[in-house]
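S.K.: The structure is given below, and queries will be raised subsequently.
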Amino acid sequence: MIELDAAEVTAWAPPPGGGRDRVVRLLGPVTVSLAERRVAVVGANGSGKSTLARLAGGLVRPSSGAVRVGGLDTAREATAVRRHVGFLFTDPDAQLLMPTPLEDVVLSLRRTTPPAARRAAALEWLDRFGLADRAHVPVHVLSGGQKQLLALASVLAVEPSVLICDEPTTLLDLRWRTVVDEVLAGLPQQVLVVTHDLEAAARAERVLVVDAGEVVADGPPADAIGTYRELMRARAVVP
């Protein structure tokens, strides 16, 4: 379960006209308890949805309030949280660290698997994602979809209980977007996904709509996505 209790994120920023830095609110305060296995977060660019994802994943600490994942406080128990939460970024190139797929998954296994067993375990994970024949090729020759599957394999190899994905299909074509969506839909973990793909969001059990740093809708997909569409339609300006 992911719990945000009056969680707020602020930052120092210069005012538009210059002068001394001031505190600006990026998100919150947000209070939600997310127990569903599939939760989607939608919102316009700059709305704060990625900040919410990073907050829920422990990558950003709340400026005030609290965030708990599986009962663990992300500020006070950060190391334990990292053992339970996996995070998948938009661009796999920012996440893949090693020259080959095999080496990348082996690197992920260094804290959970004895050295002698890492290679075999890594090959098993690559096989699960259809990448076994790519185990030894340079990562840079993989397609965008293959890279995202590799990033997902590396994250899941340590078997987190929660997976948070920040726009995982934004850079992919329709084929690979479909593949990644299907893989995420079949995972046993709780999955929170930030997405612009409203069709994918509609398959979640619960959808949050983030706007101007606030959760403005929260509920069943049809209702929440309907609210989001209305909000965007009202702001559309036809030149």
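So you can find residues: chains in the structure tokens are A, B, ... in the order shown, residues in each start at 1, and ligands are numbered from 1 in order.
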List every residue of range 104-137 of chain A that DSSP, applied to the backbone, labels as helix (DSSP H, G or I), and write the result as a PyMOL selection string.
M.R.: chain A and resi 104-111+115-128+132-134
S.K.: Mind checking which residues fall within 9 Å of range 147-158 of chain A, counting only C-alpha atoms, ignoring those fewer than 2 positions away in the same chain, and posting them as a short mmCIF file (atom, residue, chain, number, x, y, z; two decimals) with C-alpha atoms, in the first residue's frame?
M.R.:
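This is the output file out-v5.cif:
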```cif
data_model
loop_
_atom_site.label_atom_id
_atom_site.label_comp_id
_atom_site.auth_asym_id
_atom_site.auth_seq_id
_atom_site.Cartn_x
_atom_site.Cartn_y
_atom_site.Cartn_z
CA ARG A 83 14.26 -2.72 -1.18
CA HIS A 84 10.49 -2.79 -1.64
CA GLY A 86 11.08 -0.44 -8.04
CA PHE A 87 11.03 2.64 -10.27
CA LEU A 88 10.83 2.65 -14.06
CA PHE A 89 11.69 5.92 -15.81
CA THR A 90 10.48 7.33 -19.12
CA ASP A 91 13.84 7.01 -20.86
CA PRO A 92 15.56 3.64 -20.35
CA ASP A 93 18.88 5.15 -21.42
CA GLN A 95 18.43 3.76 -16.24
CA LEU A 96 20.60 1.21 -18.03
CA PRO A 101 21.78 -6.66 -21.03
CA ASP A 104 22.86 -4.83 -16.41
CA VAL A 105 20.61 -7.43 -14.78
CA VAL A 106 23.59 -8.97 -12.96
CA LEU A 107 24.32 -5.53 -11.52
CA SER A 108 20.77 -5.31 -10.16
CA LEU A 109 21.17 -8.70 -8.49
CA ARG A 111 22.46 -7.10 -3.32
CA THR A 112 20.05 -10.01 -3.42
CA THR A 113 21.75 -12.96 -5.10
CA ALA A 121 19.37 -15.71 -12.53
CA ALA A 122 19.98 -12.79 -14.89
CA TRP A 125 14.99 -12.75 -16.19
CA LEU A 126 16.08 -11.86 -19.71
CA ARG A 128 11.08 -13.90 -19.26
CA PHE A 129 11.10 -10.69 -21.28
CA GLY A 130 12.12 -12.26 -24.58
CA LEU A 131 15.64 -10.86 -24.40
CA VAL A 139 22.71 -2.18 -25.05
CA HIS A 140 22.87 0.68 -27.53
CA LEU A 142 18.55 -2.54 -28.78
CA SER A 143 15.34 -0.91 -29.94
CA GLY A 144 13.58 1.54 -27.64
CA GLY A 145 11.05 -1.11 -26.66
CA PRO A 160 10.03 -5.36 -5.37
CA LEU A 163 6.52 -0.82 -9.02
CA PRO A 168 7.06 4.24 -19.34
CA THR A 169 5.61 4.19 -22.87
CA LEU A 172 7.70 4.04 -27.67
CA TRP A 176 6.18 -1.52 -28.08
CA VAL A 179 3.94 -4.82 -25.32
CA VAL A 180 5.02 -2.83 -22.27
CA VAL A 183 3.67 -6.75 -19.36
#
```
S.K.: Which of range 51-149 of chain A counts as strand (DSSP E or B) under DSSP, as an MDAnalysis selection string please?
M.R.: chainID A and resid 64:69 72:73 85:88
S.K.: Would you write out those residues with N, CA and C atoms, as a PDB file, in the first residue's frame?
M.R.:
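See again32.pdb below for the written result:
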```pdb
ATOM      1  N   SER A  64       6.804  18.444   3.773  1.00  0.00           N
ATOM      2  CA  SER A  64       5.984  18.317   4.980  1.00  0.00           C
ATOM      3  C   SER A  64       5.041  17.149   4.776  1.00  0.00           C
ATOM      4  N   GLY A  65       4.449  16.665   5.859  1.00  0.00           N
ATOM      5  CA  GLY A  65       3.610  15.491   5.786  1.00  0.00           C
ATOM      6  C   GLY A  65       4.450  14.234   5.749  1.00  0.00           C
ATOM      7  N   ALA A  66       3.855  13.125   5.355  1.00  0.00           N
ATOM      8  CA  ALA A  66       4.555  11.842   5.369  1.00  0.00           C
ATOM      9  C   ALA A  66       4.122  10.984   4.194  1.00  0.00           C
ATOM     10  N   VAL A  67       5.022  10.103   3.788  1.00  0.00           N
ATOM     11  CA  VAL A  67       4.742   9.120   2.745  1.00  0.00           C
ATOM     12  C   VAL A  67       5.191   7.764   3.268  1.00  0.00           C
ATOM     13  N   ARG A  68       4.308   6.780   3.138  1.00  0.00           N
ATOM     14  CA  ARG A  68       4.647   5.424   3.583  1.00  0.00           C
ATOM     15  C   ARG A  68       4.351   4.434   2.467  1.00  0.00           C
ATOM     16  N   VAL A  69       5.248   3.478   2.310  1.00  0.00           N
ATOM     17  CA  VAL A  69       5.058   2.395   1.356  1.00  0.00           C
ATOM     18  C   VAL A  69       5.189   1.089   2.124  1.00  0.00           C
ATOM     19  N   LEU A  72       6.344   1.592   5.598  1.00  0.00           N
ATOM     20  CA  LEU A  72       7.676   2.166   5.801  1.00  0.00           C
ATOM     21  C   LEU A  72       7.681   3.638   5.417  1.00  0.00           C
ATOM     22  N   ASP A  73       8.200   4.466   6.294  1.00  0.00           N
ATOM     23  CA  ASP A  73       8.275   5.901   6.038  1.00  0.00           C
ATOM     24  C   ASP A  73       9.420   6.197   5.068  1.00  0.00           C
ATOM     25  N   VAL A  85      10.517  -1.046  -3.328  1.00  0.00           N
ATOM     26  CA  VAL A  85       9.947  -0.253  -4.422  1.00  0.00           C
ATOM     27  C   VAL A  85      10.886  -0.254  -5.623  1.00  0.00           C
ATOM     28  N   GLY A  86      10.343  -0.586  -6.792  1.00  0.00           N
ATOM     29  CA  GLY A  86      11.077  -0.440  -8.035  1.00  0.00           C
ATOM     30  C   GLY A  86      10.556   0.777  -8.789  1.00  0.00           C
ATOM     31  N   PHE A  87      11.433   1.427  -9.542  1.00  0.00           N
ATOM     32  CA  PHE A  87      11.033   2.638 -10.269  1.00  0.00           C
ATOM     33  C   PHE A  87      11.490   2.514 -11.713  1.00  0.00           C
ATOM     34  N   LEU A  88      10.543   2.705 -12.636  1.00  0.00           N
ATOM     35  CA  LEU A  88      10.828   2.654 -14.064  1.00  0.00           C
ATOM     36  C   LEU A  88      10.646   4.049 -14.651  1.00  0.00           C
TER      37      LEU A  88
END
```
S.K.: Quick one: residues within 8 Å of range 43-56 of chain A, only C-alpha atoms counted, chain neighbours fewer than 5 positions away excluded, as a CSV table (one decimal) with N, CA and C atoms, in the first residue's frame?
M.R.:
```
chain,number,residue,atom,x,y,z
A,2,ILE,N,0.4,2.2,-0.7
A,2,ILE,CA,1.1,3.5,-0.8
A,2,ILE,C,0.2,4.6,-0.1
A,3,GLU,N,0.8,5.2,0.9
A,3,GLU,CA,0.0,6.2,1.7
A,3,GLU,C,0.7,7.6,1.7
A,4,LEU,N,0.0,8.6,1.3
A,4,LEU,CA,0.4,10.0,1.4
A,4,LEU,C,-0.4,10.7,2.4
A,26,LEU,N,5.3,22.6,-5.4
A,26,LEU,CA,5.2,21.7,-6.5
A,26,LEU,C,4.1,20.7,-6.5
A,27,LEU,N,3.8,20.3,-5.3
A,27,LEU,CA,2.7,19.3,-5.1
A,27,LEU,C,2.2,19.4,-3.7
A,61,ARG,N,11.7,13.4,-1.1
A,61,ARG,CA,11.2,13.4,0.3
A,61,ARG,C,10.2,14.5,0.4
A,62,PRO,N,9.1,14.3,1.2
A,62,PRO,CA,8.1,15.3,1.3
A,62,PRO,C,8.7,16.5,2.1
A,67,VAL,N,5.0,10.1,3.8
A,67,VAL,CA,4.7,9.1,2.7
A,67,VAL,C,5.2,7.8,3.3
A,68,ARG,N,4.3,6.8,3.1
A,68,ARG,CA,4.6,5.4,3.6
A,68,ARG,C,4.4,4.4,2.5
A,69,VAL,N,5.2,3.5,2.3
A,69,VAL,CA,5.1,2.4,1.4
A,69,VAL,C,5.2,1.1,2.1
A,164,ILE,N,6.7,1.5,-9.5
A,164,ILE,CA,6.2,2.9,-9.9
A,164,ILE,C,6.8,3.2,-11.3
A,165,CYS,N,6.0,3.6,-12.2
A,165,CYS,CA,6.4,3.8,-13.6
A,165,CYS,C,6.1,5.3,-14.0
A,166,ASP,N,7.1,6.0,-14.4
A,166,ASP,CA,6.8,7.4,-14.8
A,166,ASP,C,6.8,7.5,-16.3
A,192,LEU,N,1.9,1.5,-9.9
A,192,LEU,CA,1.4,2.9,-10.0
A,192,LEU,C,2.1,3.4,-11.2
A,193,VAL,N,1.3,3.8,-12.2
A,193,VAL,CA,1.9,4.3,-13.5
A,193,VAL,C,1.4,5.7,-13.8
A,194,VAL,N,2.3,6.6,-14.1
A,194,VAL,CA,2.0,7.9,-14.6
A,194,VAL,C,2.0,7.8,-16.1
A,196,HIS,N,0.3,9.4,-20.1
A,196,HIS,CA,-0.6,10.2,-21.0
A,196,HIS,C,-1.5,9.4,-21.8
A,209,VAL,N,-6.2,12.2,-11.0
A,209,VAL,CA,-5.9,13.3,-11.9
A,209,VAL,C,-5.2,14.4,-11.1
A,210,VAL,N,-4.0,14.8,-11.6
A,210,VAL,CA,-3.2,15.8,-11.0
A,210,VAL,C,-3.3,17.1,-11.8
A,211,ASP,N,-3.5,18.2,-11.2
A,211,ASP,CA,-3.5,19.5,-11.9
A,211,ASP,C,-3.0,20.6,-11.0
A,212,ALA,N,-2.1,21.4,-11.5
A,212,ALA,CA,-1.5,22.5,-10.7
A,212,ALA,C,-1.1,22.0,-9.3
A,213,GLY,N,-0.5,20.8,-9.2
A,213,GLY,CA,0.1,20.4,-8.0
A,213,GLY,C,-0.9,19.8,-7.0
A,214,GLU,N,-2.2,19.6,-7.5
A,214,GLU,CA,-3.2,19.0,-6.6
A,214,GLU,C,-3.9,17.8,-7.3
A,228,TYR,N,-10.8,14.6,-16.3
A,228,TYR,CA,-9.6,15.1,-17.0
A,228,TYR,C,-9.9,15.7,-18.4
```
S.K.: Which residue gives the smallest distance to Pro221 in chain A among A:Leu184, A:Ala75, A:Val81, A:Val41, with only C-alpha atoms counted?
M.R.: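 Nearest to Pro221 in chain A: A:Val41.
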